[in-house]
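> Okay, so here is coords.cif, and as you'll see once you scroll down, it has mmCIF, C-alpha atoms.
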```cif
data_input
loop_
_atom_site.label_atom_id
_atom_site.label_comp_id
_atom_site.auth_asym_id
_atom_site.auth_seq_id
_atom_site.Cartn_x
_atom_site.Cartn_y
_atom_site.Cartn_z
CA MET A 20 -2.35 -40.75 27.71
CA ASN A 21 -4.82 -43.10 26.07
CA ARG A 22 -8.11 -41.30 26.52
CA ALA A 23 -11.17 -43.14 25.37
CA ARG A 24 -12.82 -41.57 22.34
CA THR A 25 -15.77 -43.94 22.51
CA ALA A 26 -17.58 -45.18 25.59
CA VAL A 27 -20.08 -47.99 25.12
CA LEU A 28 -22.76 -49.01 27.61
CA ASP A 29 -23.84 -52.60 28.12
CA ASN A 30 -27.08 -53.84 29.64
CA GLU A 31 -25.91 -53.76 33.25
CA ALA A 32 -24.47 -50.26 32.84
CA ILE A 33 -27.85 -49.05 31.60
CA GLN A 34 -29.60 -50.78 34.50
CA ALA A 35 -27.19 -49.11 36.92
CA LEU A 36 -27.79 -45.70 35.38
CA SER A 37 -31.54 -46.02 35.23
CA ASP A 38 -32.03 -47.00 38.86
CA VAL A 39 -31.01 -44.54 41.58
CA CYS A 40 -31.05 -47.40 44.09
CA HIS A 41 -28.80 -49.66 42.01
CA ARG A 42 -25.61 -50.44 43.94
CA LYS A 43 -23.48 -49.33 40.97
CA HIS A 44 -25.45 -46.17 40.19
CA ARG A 45 -22.71 -43.86 41.50
CA ARG A 46 -20.05 -45.74 39.56
CA ALA A 47 -22.05 -45.52 36.36
CA LEU A 48 -22.53 -41.80 36.99
CA ALA A 49 -18.78 -41.45 37.50
CA ALA A 50 -18.32 -42.73 33.95
CA LEU A 51 -20.83 -40.17 32.66
CA GLU A 52 -18.90 -37.52 34.61
CA VAL A 53 -15.74 -38.46 32.72
CA VAL A 54 -17.58 -38.28 29.39
CA ALA A 55 -19.23 -34.97 30.25
CA ALA A 56 -16.01 -33.40 31.54
CA ARG A 57 -14.03 -34.41 28.46
CA ASN A 58 -16.75 -33.15 26.13
CA LEU A 59 -17.11 -29.89 28.01
CA GLY A 60 -13.35 -29.42 27.68
CA LYS A 61 -13.39 -30.32 23.99
CA ALA A 62 -16.79 -30.82 22.43
CA GLY A 63 -17.23 -34.13 20.67
CA SER A 64 -14.08 -35.71 22.12
CA VAL A 65 -15.88 -38.73 23.62
CA ARG A 66 -18.88 -40.39 22.02
CA LEU A 67 -21.18 -42.20 24.41
CA VAL A 68 -22.68 -45.04 22.38
CA VAL A 69 -25.49 -47.41 23.16
CA PRO A 70 -26.02 -50.33 20.76
CA THR A 71 -29.75 -50.44 20.05
CA ALA A 72 -29.93 -54.20 20.71
CA VAL A 73 -28.58 -53.47 24.20
CA ARG A 74 -31.20 -50.78 24.64
CA VAL A 75 -33.92 -53.28 23.74
CA GLU A 76 -32.51 -55.91 26.09
CA ALA A 77 -32.28 -53.38 28.92
CA GLY A 78 -35.78 -52.05 28.21
CA TRP A 79 -34.43 -48.53 27.93
CA ASP A 80 -37.19 -46.45 26.37
CA ARG A 81 -35.82 -42.92 26.29
CA ARG A 82 -39.30 -41.51 25.58
CA ARG A 83 -40.58 -42.48 29.03
CA ARG A 84 -41.17 -39.26 30.91
CA ASP A 85 -41.35 -40.96 34.31
CA ALA A 86 -37.87 -42.45 34.06
CA GLY A 87 -35.97 -39.40 35.25
CA LEU A 88 -33.73 -36.97 33.45
CA ILE A 89 -30.65 -39.15 33.71
CA ASN A 90 -32.26 -41.46 31.15
CA ARG A 91 -32.09 -38.60 28.70
CA PHE A 92 -28.33 -38.13 29.04
CA PRO A 93 -27.26 -37.38 25.47
CA ALA A 94 -25.94 -40.60 23.96
CA GLU A 95 -25.70 -41.94 20.47
CA ASP A 96 -27.75 -44.93 19.37
CA ALA A 97 -25.70 -47.35 17.31
CA GLY A 98 -28.28 -49.04 15.14
CA LEU A 99 -28.12 -52.36 13.36
CA ASP A 100 -27.78 -51.47 9.73
CA SER A 101 -26.97 -54.05 7.11
CA GLY A 102 -23.21 -53.97 7.65
CA SER A 103 -23.27 -54.03 11.44
CA ALA A 104 -25.93 -56.77 11.40
CA ASP A 105 -23.59 -58.89 9.28
CA ARG A 106 -20.69 -58.25 11.65
CA ALA A 107 -22.84 -58.95 14.71
CA ALA A 108 -24.14 -62.15 13.17
CA GLY A 109 -20.57 -63.27 12.53
CA ILE A 110 -19.61 -62.60 16.15
CA ARG A 111 -22.70 -64.39 17.43
CA ILE A 112 -21.95 -67.47 15.35
CA ALA A 113 -18.25 -67.52 16.19
CA LEU A 114 -18.56 -66.97 19.94
CA ASP A 115 -22.11 -68.07 20.74
CA VAL A 116 -22.91 -64.81 22.54
CA SER A 117 -26.22 -63.00 22.96
CA VAL A 118 -27.59 -60.70 20.27
CA ALA A 119 -26.87 -57.68 22.48
CA ASP A 120 -23.28 -58.74 23.11
CA ALA A 121 -22.77 -59.44 19.43
CA HIS A 122 -24.05 -55.95 18.67
CA ILE A 123 -21.59 -54.50 21.22
CA GLY A 124 -18.86 -56.35 19.35
CA ALA A 125 -19.98 -54.89 16.03
CA VAL A 126 -20.02 -51.41 17.57
CA ILE A 127 -16.55 -51.60 19.12
CA GLU A 128 -15.13 -52.96 15.88
CA ASP A 129 -16.35 -49.87 14.06
CA ALA A 130 -15.84 -47.27 16.80
CA ARG A 131 -13.35 -44.45 17.12
CA ARG A 132 -10.54 -45.78 19.29
CA PRO A 133 -9.54 -46.08 22.08
CA VAL A 134 -12.78 -47.70 23.22
CA ALA A 135 -14.01 -48.18 26.77
CA VAL A 136 -16.98 -50.38 27.59
CA LEU A 137 -18.97 -50.18 30.81
CA THR A 138 -19.89 -53.75 31.44
CA SER A 139 -20.71 -56.28 34.11
CA ASP A 140 -18.97 -59.01 32.13
CA ALA A 141 -15.36 -58.00 31.59
CA ALA A 142 -14.31 -61.55 30.69
CA GLY A 143 -17.00 -61.84 28.03
CA LEU A 144 -16.05 -58.45 26.63
CA ARG A 145 -12.35 -59.36 26.48
CA ARG A 146 -13.28 -62.55 24.63
CA ILE A 147 -15.16 -60.56 22.02
CA ALA A 148 -12.36 -57.97 21.79
CA ALA A 149 -9.75 -60.70 21.37
CA HIS A 150 -11.82 -62.30 18.62
CA LEU A 151 -11.97 -58.96 16.82
CA GLY A 152 -8.34 -58.07 17.52
CA VAL A 153 -9.42 -54.79 19.07
CA ALA A 154 -8.04 -53.27 22.28
CA VAL A 155 -10.85 -52.38 24.66
CA ASN A 156 -10.75 -51.04 28.19
CA ALA A 157 -13.39 -52.68 30.35
CA VAL A 158 -14.91 -50.65 33.16
CA VAL A 159 -16.72 -53.06 35.39
CA VAL A 160 -20.04 -51.90 36.78
CA MET B 1 -19.51 -7.70 44.41
CA PHE B 2 -21.14 -8.16 41.03
CA SER B 3 -19.21 -10.50 38.78
CA PHE B 4 -19.57 -10.91 35.04
CA TRP B 5 -17.96 -14.35 35.21
CA PRO B 6 -21.19 -16.40 35.51
CA TYR B 7 -22.61 -14.59 32.50
CA LEU B 8 -19.54 -15.33 30.41
CA ASN B 9 -19.59 -19.02 31.32
CA PRO B 10 -22.82 -20.68 30.11
CA VAL B 11 -22.62 -23.53 32.61
CA LEU B 12 -22.31 -21.16 35.57
CA TRP B 13 -25.03 -18.97 34.10
CA TYR B 14 -27.31 -22.00 33.91
CA HIS B 15 -26.70 -22.82 37.58
CA ARG B 16 -27.41 -19.26 38.66
CA TRP B 17 -30.69 -19.11 36.81
CA TYR B 18 -31.80 -22.64 37.52
CA GLY B 19 -35.47 -22.90 38.51
CA PRO B 20 -38.28 -25.47 38.48
CA ALA B 21 -39.12 -24.66 34.88
CA MET B 22 -35.59 -25.43 33.78
CA ASP B 23 -36.04 -29.20 33.82
CA GLN B 24 -38.85 -28.72 31.32
CA ARG B 25 -36.65 -26.51 29.16
CA LEU B 26 -33.86 -29.04 29.43
CA LEU B 27 -36.22 -31.82 28.31
CA GLN B 28 -37.21 -29.67 25.37
CA LEU B 29 -33.54 -29.19 24.50
CA LEU B 30 -32.92 -32.95 24.73
CA ASP B 31 -35.97 -33.66 22.57
CA LEU B 32 -34.63 -31.33 19.91
CA LEU B 33 -31.16 -32.89 20.06
CA ASP B 34 -32.74 -36.33 19.62
CA VAL B 35 -34.21 -35.34 16.25
CA SER B 36 -31.69 -36.69 13.78
CA ASP B 37 -33.41 -36.37 10.44
CA GLY B 38 -35.49 -33.24 10.88
CA GLU B 39 -36.11 -30.64 8.25
CA THR B 40 -33.35 -28.16 7.56
CA VAL B 41 -33.47 -24.41 7.38
CA GLY B 42 -31.19 -21.85 5.82
CA THR B 43 -29.80 -19.41 8.33
CA SER B 44 -27.34 -16.59 8.32
CA VAL B 45 -24.31 -17.11 10.53
CA ARG B 46 -21.49 -14.63 10.77
CA LEU B 47 -18.20 -16.50 10.69
CA PRO B 48 -14.72 -15.07 11.06
CA LEU B 49 -13.49 -14.71 7.48
CA ALA B 50 -10.28 -16.66 8.03
CA LEU B 51 -12.17 -19.49 9.70
CA ARG B 52 -14.59 -19.71 6.78
CA ASP B 53 -11.72 -19.72 4.29
CA ALA B 54 -9.95 -22.42 6.31
CA ALA B 55 -13.10 -24.55 6.23
CA VAL B 56 -13.46 -24.11 2.47
CA LEU B 57 -9.80 -25.00 1.95
CA ALA B 58 -10.06 -28.06 4.22
CA ALA B 59 -13.09 -29.24 2.24
CA GLU B 60 -11.24 -28.71 -1.06
CA MET B 61 -8.31 -30.72 0.28
CA GLY B 62 -10.63 -33.55 1.27
CA LEU B 63 -9.76 -33.08 4.94
CA ALA B 64 -13.29 -32.16 5.93
CA ASN B 65 -16.81 -32.10 4.61
CA SER B 66 -18.60 -28.88 3.72
CA THR B 67 -18.58 -25.78 5.88
CA THR B 68 -22.22 -26.48 6.62
CA ASP B 69 -21.40 -29.97 7.83
CA LEU B 70 -18.54 -28.70 9.99
CA THR B 71 -20.74 -25.99 11.48
CA VAL B 72 -23.61 -28.38 12.21
CA ARG B 73 -21.31 -30.96 13.76
CA GLY B 74 -19.54 -28.37 15.90
CA LEU B 75 -22.86 -26.92 17.04
CA ARG B 76 -24.29 -30.35 17.87
CA ASP B 77 -21.15 -31.45 19.73
CA HIS B 78 -21.16 -28.29 21.83
CA LEU B 79 -24.88 -28.45 22.61
CA GLU B 80 -24.62 -32.12 23.57
CA ALA B 81 -21.68 -31.36 25.84
CA VAL B 82 -23.54 -28.66 27.77
CA ALA B 83 -26.68 -30.82 27.84
CA GLN B 84 -24.71 -33.74 29.30
CA ARG B 85 -23.43 -31.49 32.09
CA ALA B 86 -26.91 -30.05 32.66
CA VAL B 87 -28.54 -33.50 32.86
CA LEU B 88 -26.03 -34.66 35.47
CA ASP B 89 -26.50 -31.50 37.52
CA ALA B 90 -30.28 -31.83 37.37
CA HIS B 91 -29.96 -35.44 38.52
CA TYR B 92 -27.80 -34.41 41.50
CA ARG B 93 -30.27 -31.71 42.48
CA ARG B 94 -32.89 -34.43 42.92
CA HIS B 95 -30.55 -37.08 44.29
CA PRO B 96 -27.57 -35.35 45.91
CA GLN B 97 -26.51 -38.57 47.64
CA VAL B 98 -25.60 -40.25 44.35
CA ARG B 99 -23.05 -37.66 43.20
CA PRO B 100 -19.74 -39.50 42.79
CA ASP B 101 -16.77 -37.90 44.51
CA LEU B 102 -13.56 -36.84 42.82
CA ALA B 103 -11.75 -40.07 43.66
CA GLU B 104 -14.55 -42.20 42.21
CA ILE B 105 -14.53 -40.20 38.98
CA ALA B 106 -10.73 -40.34 38.74
CA GLN B 107 -10.85 -44.10 39.34
CA VAL B 108 -13.28 -44.64 36.48
CA ALA B 109 -11.29 -42.25 34.26
CA ALA B 110 -8.20 -44.40 34.89
CA GLU B 111 -10.09 -47.57 34.00
CA MET B 112 -11.54 -46.01 30.86
CA GLU B 113 -8.08 -45.12 29.56
CA GLY B 114 -6.37 -48.32 30.68
CA ASN B 115 -4.16 -46.36 33.07
CA PRO B 116 -2.13 -48.73 35.31
CA LEU B 117 -3.14 -46.56 38.25
CA ALA B 118 -6.58 -48.11 37.91
CA HIS B 119 -5.15 -51.00 39.92
CA ARG B 120 -4.07 -48.62 42.70
CA PRO B 121 -7.39 -47.23 44.00
CA GLU B 122 -5.84 -46.37 47.36
CA LEU B 123 -3.31 -44.14 45.58
CA ILE B 124 -6.03 -42.43 43.57
CA ARG B 125 -8.04 -41.80 46.73
CA ARG B 126 -5.00 -40.36 48.49
CA ALA B 127 -4.21 -38.18 45.47
CA ALA B 128 -7.80 -36.90 45.33
CA SER B 129 -7.57 -35.97 48.99
CA GLU B 130 -4.15 -34.32 48.89
CA ILE B 131 -4.52 -32.40 45.65
CA ARG B 132 -7.41 -30.42 47.11
CA LEU B 133 -4.89 -28.81 49.44
CA LEU B 134 -2.86 -27.65 46.45
CA CYS B 135 -5.41 -26.46 43.93
CA GLU B 136 -9.01 -25.40 43.79
CA ASP B 137 -11.52 -27.64 42.04
CA PRO B 138 -9.06 -30.20 40.64
CA THR B 139 -10.10 -32.32 37.68
CA PRO B 140 -9.98 -36.15 37.62
CA ASP B 141 -7.06 -35.91 35.18
CA GLU B 142 -5.14 -33.75 37.65
CA VAL B 143 -5.84 -36.34 40.32
CA LEU B 144 -4.38 -39.04 38.08
CA LEU B 145 -1.30 -36.91 37.36
CA TYR B 146 -0.81 -36.37 41.08
CA ALA B 147 -1.31 -40.08 41.72
CA ALA B 148 1.29 -40.87 39.06
CA GLY B 149 3.68 -38.55 40.90
CA LEU B 150 2.98 -40.36 44.16
CA ALA B 151 3.60 -43.71 42.47
CA ALA B 152 6.88 -42.48 40.96
CA ALA B 153 8.05 -41.09 44.28
CA ALA B 154 7.32 -44.31 46.16
#
```
Give the structure from this file in structure tokens form.


Amino acid sequence: MNRARTAVLDNEAIQALSDVCHRKHRRALAALEVVAARNLGKAGSVRLVVPTAVRVEAGWDRRRRDAGLINRFPAEDAGLDSGSADRAAGIRIALDVSVADAHIGAVIEDARRPVAVLTSDAAGLRRIAAHLGVAVNAVVV
Amino acid sequence: MFSFWPYLNPVLWYHRWYGPAMDQRLLQLLDLLDVSDGETVGTSVRLPLALRDAAVLAAEMGLANSTTDLTVRGLRDHLEAVAQRAVLDAHYRRHPQVRPDLAEIAQVAAEMEGNPLAHRPELIRRAASEIRLLCEDPTPDEVLLYAAGLAAAA
């Protein structure tokens, strides 16, 4: 058993979660179900992490009261401090990826493993993971 | 017949007492959990003596931070876990059509853990269907175990 201890959301995953009419909304919710079930069984066993650069790109303002409760699903912001900004910059330069994707790379490099990433771009994620030498399970949304 | 069970299980208790005002209370809970650097307050918590001594010993051995840190982290983890469940349930009350079924959840669970069964969605769906005949309220992990059994038997 190789249960994810960290689940990371990318832009598309956030879009899918935020919009009830999104065609992958149910699938994104299924991922939250897995996180919630594992944490209810053993509190703190899976961290749901959202890189803040991804949040900006997705326009996910958690303070918006009209966005629905699902947007308040407890998740951890992974901010860009000095160290992670350096790592993200390195990834961006090496792979010519977006700022948000580079931040995802910095987050998965530093995360508790195993790591799962909900993403619309599994190939791009695997490229970043290979560059970092980190095993990541991609869940395509 | 009156049952104490819902009152012993906080999640069931929450469902039983759910009302229109609960979303507001839930939002308040989420707001409070979002505060990361708020002021602190001293409070008296009764801990089992052995548990407290274990925490002190673990801190002395460098295996853990202070008892306060362990207590705060445990409390936060537990509150976030129940809040996650409550947020999902509140979402399904408004949008019951978006609730993923057991097979969908098991499928994503398999993908999240890199389980080879993730490439056998038909097997997961069959397992999710058949296991309901064998046990009540199966979990996604039980579905994956059943699906692994089906794959081994094939």

> Write down, as a ChimeraX atom specification, each residue of chain B that has any atom within 8 Å of an atom of chain A, counting all atoms listed in the file.

/B:27,30,74,77-78,80-85,87-88,90-91,95,98-100,104-105,108-109,111-115,140

> Which residues would end up in the selection if the PyMOL selection byres ((chain A and resi 108) around 12) were applied here, given that I need the answer as a list in words?

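That expression, the PyMOL selection byres ((chain A and resi 108) around 12), corresponds here to Leu99, Asp100, Ser101, Gly102, Ser103, Ala104, Asp105, Arg106, Ala107, Gly109, Ile110, Arg111, Ile112, Ala113, Leu114, Asp115, Val116, Ser117, Val118, Ala119, Asp120, Ala121, His122, Ile123, Gly124 and Ala125 of chain A.
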
> Of the residues B:Ala55, B:Leu102, B:Asp137, B:Ala147, which is the one nearest to Leu123 in chain B, using all atoms listed in the file?

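Of the candidates, the smallest distance to Leu123 in chain B is held by B:Ala147.
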
> Would you list the contacts of Ala97 in chain A as a ChimeraX atom specification, taking every protein, DNA or RNA residue within 6 Å and counting only C-alpha atoms, but skipping same-chain residues closer than 4 positions in sequence?

/A:69-71

> Can you tell me how far CA of Ala103 in chain B sits from CA of Leu144 in chain A, in Å to one decimal?

25.4 Å

> Please compute the CA of Ala106 in chain B-CA of Val143 in chain B distance, one decimal, in Å.

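Distance between the two atoms: 6.5 Å.
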
> How far is it from CA of Leu67 in chain A to CA of Asp129 in chain A, in Å with one decimal?

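Those two atoms sit 13.8 Å apart.
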
> Please expand the PyMOL selection byres ((chain A and resi 29) around 7) into the concrete residues it hits in this file, giving the result as a PyMOL selection string.

chain A and resi 27-28+30-33+73+137-138

> Keeping only C-alpha atoms, take the residues you just selected and write them out as a compact mmCIF listing (two decimals), keeping the file's coordinate frame.


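So out_16.txt came out as:
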```
# COMPACT_ATOMS: atom_id res chain seq x y z
CA VAL A 27 -20.08 -47.99 25.12
CA LEU A 28 -22.76 -49.01 27.61
CA ASN A 30 -27.08 -53.84 29.64
CA GLU A 31 -25.91 -53.76 33.25
CA ALA A 32 -24.47 -50.26 32.84
CA ILE A 33 -27.85 -49.05 31.60
CA VAL A 73 -28.58 -53.47 24.20
CA LEU A 137 -18.97 -50.18 30.81
CA THR A 138 -19.89 -53.75 31.44
```

> Tell me which protein, DNA and RNA residues are within 9 Å of Ala148 in chain B, counting all atoms listed in the file, leaving out same-chain ones fewer than 2 positions away, and put them as an mmCIF file with C-alpha atoms, keeping the file's coordinate frame.


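Saved as around12.cif:
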```cif
data_model
loop_
_atom_site.group_PDB
_atom_site.id
_atom_site.type_symbol
_atom_site.label_atom_id
_atom_site.label_comp_id
_atom_site.auth_asym_id
_atom_site.auth_seq_id
_atom_site.Cartn_x
_atom_site.Cartn_y
_atom_site.Cartn_z
ATOM 1 C CA LEU B 117 -3.140 -46.560 38.250
ATOM 2 C CA LEU B 123 -3.310 -44.140 45.580
ATOM 3 C CA ILE B 124 -6.030 -42.430 43.570
ATOM 4 C CA ALA B 127 -4.210 -38.180 45.470
ATOM 5 C CA VAL B 143 -5.840 -36.340 40.320
ATOM 6 C CA LEU B 144 -4.380 -39.040 38.080
ATOM 7 C CA LEU B 145 -1.300 -36.910 37.360
ATOM 8 C CA TYR B 146 -0.810 -36.370 41.080
ATOM 9 C CA LEU B 150 2.980 -40.360 44.160
ATOM 10 C CA ALA B 151 3.600 -43.710 42.470
ATOM 11 C CA ALA B 152 6.880 -42.480 40.960
ATOM 12 C CA ALA B 153 8.050 -41.090 44.280
#
```

> Rank A:Val126, A:Val68, A:Arg132, A:Ser139 by their smallest atom-to-atom distance to Ala35 in chain A, using all atoms listed in the file, and report the top residue only.

A:Ser139

> Using the structure just given, write a file holding C-alpha atoms for range 140-156 of chain A, as a compact mmCIF listing (two decimals), in the first residue's frame.


```
# COMPACT_ATOMS: atom_id res chain seq x y z
CA ASP A 140 -1.43 17.88 -17.55
CA ALA A 141 -0.03 14.52 -16.47
CA ALA A 142 2.78 14.65 -19.04
CA GLY A 143 3.92 18.07 -17.83
CA LEU A 144 3.79 16.90 -14.23
CA ARG A 145 5.82 13.77 -14.99
CA ARG A 146 8.41 15.95 -16.71
CA ILE A 147 8.75 18.09 -13.61
CA ALA A 148 8.82 15.02 -11.34
CA ALA A 149 11.50 13.39 -13.49
CA HIS A 150 13.58 16.56 -13.36
CA LEU A 151 13.34 16.54 -9.57
CA GLY A 152 13.82 12.78 -9.25
CA VAL A 153 10.61 12.52 -7.26
CA ALA A 154 7.93 9.84 -7.68
CA VAL A 155 4.52 11.42 -8.13
CA ASN A 156 1.16 9.85 -8.85
```
